[in-house]
Amino acid sequence: MIIFEYFNTAIGSSIIILIIAADYLRKYNTDNFQRKLLIVMLSAVFVSAVFDFIGLTLERNQAIFLIVFGLTEPPGAEINNTLYYVWSIYLIARNCCYYYVTVFIDYFAHGNILRTKKFFKIVTVVLVIYAISIIPNFNLGYYFYISRDSVYIPGSLYLLQVFISYLPIILILINVSLAPKYIKRTQIILTIFFVLIAAVGAAIDIALRTTNLIWPCVTAAILYMYFFIIRADAKIDSLTGIGNRNNFYEYINKISKQSIKKEYAFLKLDLEYLEDINNSFGYLEGDNALRDTSTIIKSCIRHTDFAVRYGGDEFIIITNAENDIQRIIDRIIETKNAQNQKRLRPYQLNMKHSFDVYTTNSGWEIQDFLGHLDGKMRSKNV
């Protein structure tokens, strides 16, 4: 029966989405904007999957319609009208799902709340226009219509509808290509995974004109993303958005165990006068100083470089020794000076730094090297 056929797809996926949402809401996440985006996205997936199930069930099991609505005769126009509304809601919710995934990935790639909020508003306007365009379809049937035997039939503008639905695939690729250079390889892999899943779903939808296999694909992608978010949150400094001390120790433990000799340049930065900023302007401005420092660092390193907030006012950058660490320092100085010249804050950012090269499998313990790096910290401001 149709109920059992689609239970493991649409309804099964809906149950998984509910479990993810319930688990995520129980967790403490300092990134409230990310939380809101994920909940909006999960809600769209849930609604579209449920209405997909309802539409297919009513379409292929009209006896259920008779029972639900208490009819004793063939439903005729009643089921056709009901199916029209069900499929219309489904198409709107499905597009919300795809487009809000694109918004989420924009925030994931750029980490810029203001940018993503603007993108969210644009996407919402597009979705509202699409929802309005569904209304005349009831009489004109250009997107789809319901046949006399209560079957969903694509309309003359079916390919346009498909293009609108899967335009986010193109938007995601463009978005990632424009992402800052410090975007991590893991973020790129996750984005590619999403695109591949969406592409498979689109191919199935276009070729077979069915949604039977789309929801397991979408759910798998979201489940993978959720595990990535949970894992990443544990390694991200909640204030600055870069790696935390746990992430740092995980990274240096990995490189210190390499069996071959390889050189890594370590750059340590201290934000000076943070206590004075806190005392003079309040701790919120102190937090802003730390965020600004993190933003400067992220804008001056490669996506293959590693950066963390080591603790308090200390930051560490690690890169391959073959890269010119002095160029990174110069870029940080230049960017910091440009920030100070804008006078966006009631204080100036000042830093001091030290750097040296660590060679793996050299007999030098990593903890001893870090102590050596502290000893080299220059008193000269940068």
# chains A, B, ... in the order shown; residues from 1 in each chain; ligands from 1
call {"tool": "residues_around", "arguments": {"residues": "range 148-155 of chain A", "least_positions_apart": "2", "cutoff": "8 Å", "atoms": "only C-alpha atoms", "output": "PDB file with N, CA and C atoms, in the first residue's frame"}}
result
ATOM      1  N   GLU A  59      -3.744  10.695  -3.409  1.00  0.00           N
ATOM      2  CA  GLU A  59      -3.795  10.480  -4.853  1.00  0.00           C
ATOM      3  C   GLU A  59      -3.963   9.005  -5.194  1.00  0.00           C
ATOM      4  N   GLY A  76     -14.813  12.889  -6.537  1.00  0.00           N
ATOM      5  CA  GLY A  76     -14.876  13.808  -7.671  1.00  0.00           C
ATOM      6  C   GLY A  76     -14.056  15.051  -7.439  1.00  0.00           C
ATOM      7  N   ILE A  79     -11.764  15.782  -4.013  1.00  0.00           N
ATOM      8  CA  ILE A  79     -10.380  15.316  -3.864  1.00  0.00           C
ATOM      9  C   ILE A  79      -9.447  16.072  -4.784  1.00  0.00           C
ATOM     10  N   ASN A  80      -9.937  16.461  -5.977  1.00  0.00           N
ATOM     11  CA  ASN A  80      -9.089  17.221  -6.886  1.00  0.00           C
ATOM     12  C   ASN A  80      -8.716  18.578  -6.290  1.00  0.00           C
ATOM     13  N   LEU A  83      -6.320  17.946  -3.398  1.00  0.00           N
ATOM     14  CA  LEU A  83      -4.990  17.627  -3.909  1.00  0.00           C
ATOM     15  C   LEU A  83      -4.288  18.868  -4.438  1.00  0.00           C
ATOM     16  N   GLY A 141      -3.362  26.150 -14.525  1.00  0.00           N
ATOM     17  CA  GLY A 141      -2.628  24.886 -14.567  1.00  0.00           C
ATOM     18  C   GLY A 141      -1.294  24.946 -15.277  1.00  0.00           C
ATOM     19  N   TYR A 142      -0.588  26.068 -15.197  1.00  0.00           N
ATOM     20  CA  TYR A 142       0.688  26.164 -15.907  1.00  0.00           C
ATOM     21  C   TYR A 142       1.829  25.463 -15.167  1.00  0.00           C
ATOM     22  N   TYR A 143       1.749  25.371 -13.826  1.00  0.00           N
ATOM     23  CA  TYR A 143       2.750  24.610 -13.074  1.00  0.00           C
ATOM     24  C   TYR A 143       2.363  23.121 -13.019  1.00  0.00           C
ATOM     25  N   PHE A 144       1.101  22.880 -12.683  1.00  0.00           N
ATOM     26  CA  PHE A 144       0.578  21.516 -12.620  1.00  0.00           C
ATOM     27  C   PHE A 144      -0.944  21.593 -12.597  1.00  0.00           C
ATOM     28  N   TYR A 145      -1.568  20.467 -12.862  1.00  0.00           N
ATOM     29  CA  TYR A 145      -3.019  20.366 -12.698  1.00  0.00           C
ATOM     30  C   TYR A 145      -3.351  18.952 -12.258  1.00  0.00           C
ATOM     31  N   ILE A 146      -4.557  18.785 -11.745  1.00  0.00           N
ATOM     32  CA  ILE A 146      -5.010  17.476 -11.274  1.00  0.00           C
ATOM     33  C   ILE A 146      -5.973  16.904 -12.306  1.00  0.00           C
ATOM     34  N   LEU A 157       4.542  24.957 -17.813  1.00  0.00           N
ATOM     35  CA  LEU A 157       5.694  25.645 -17.228  1.00  0.00           C
ATOM     36  C   LEU A 157       6.405  24.773 -16.190  1.00  0.00           C
ATOM     37  N   TYR A 158       6.294  23.467 -16.370  1.00  0.00           N
ATOM     38  CA  TYR A 158       6.917  22.536 -15.421  1.00  0.00           C
ATOM     39  C   TYR A 158       8.426  22.760 -15.328  1.00  0.00           C
TER      40      TYR A 158
END
call {"tool": "residues_around", "arguments": {"residues": "His372 in chain A", "least_positions_apart": "2", "cutoff": "12 Å", "atoms": "only C-alpha atoms", "output": "PyMOL selection string"}}
result
chain A and resi 266+268+354-358+364-370+374-377
call {"tool": "residues_around", "arguments": {"residues": "range 321-334 of chain A", "least_positions_apart": "5", "cutoff": "6 Å", "atoms": "only C-alpha atoms", "output": "NGL selection string"}}
result
:A and (263-265 or 300 or 382)
call {"tool": "write_last_selection", "arguments": {"atoms": "C-alpha atoms", "output": "PDB file, in the first residue's frame"}}
result
ATOM      1  CA  GLU A 263      58.238  22.478   9.430  1.00  0.00           C
ATOM      2  CA  TYR A 264      55.379  24.619  10.728  1.00  0.00           C
ATOM      3  CA  ALA A 265      55.527  28.331  11.451  1.00  0.00           C
ATOM      4  CA  CYS A 300      44.861  37.857   6.499  1.00  0.00           C
ATOM      5  CA  VAL A 382      52.457  45.826  15.882  1.00  0.00           C
TER       6      VAL A 382
END
call {"tool": "atom_distance", "arguments": {"atom1": "CA of Thr293 in chain A", "atom2": "CA of Ala307 in chain A"}}
result
11.6 Å
call {"tool": "atom_distance", "arguments": {"atom1": "CA of Asn244 in chain A", "atom2": "CA of Gly311 in chain A"}}
result
7.6 Å
call {"tool": "atom_distance", "arguments": {"atom1": "CA of Ser43 in chain A", "atom2": "CA of Ser165 in chain A"}}
result
17.2 Å
call {"tool": "closest_residue", "arguments": {"among": "A:Tyr99, A:Tyr85, A:Tyr347, A:Phe46", "to": "Val128 in chain A", "atoms": "only C-alpha atoms"}}
result
A:Tyr99
call {"tool": "closest_residue", "arguments": {"among": "A:Leu140, A:Gln258, A:Leu42, A:Glu314", "to": "Ile16 in chain A", "atoms": "only C-alpha atoms"}}
result
A:Leu42
call {"tool": "closest_residue", "arguments": {"among": "A:Asn139, A:Asn350, A:Ser362, A:Thr102", "to": "Glu272 in chain A", "atoms": "only C-alpha atoms"}}
result
A:Asn350
call {"tool": "residues_around", "arguments": {"residues": "range 238-242 of chain A", "least_positions_apart": "5", "cutoff": "10 Å", "atoms": "only C-alpha atoms", "output": "VMD selection string"}}
result
chain A and resid 29 to 31 111 233 247 287 to 295 297 to 298 306 to 310 315
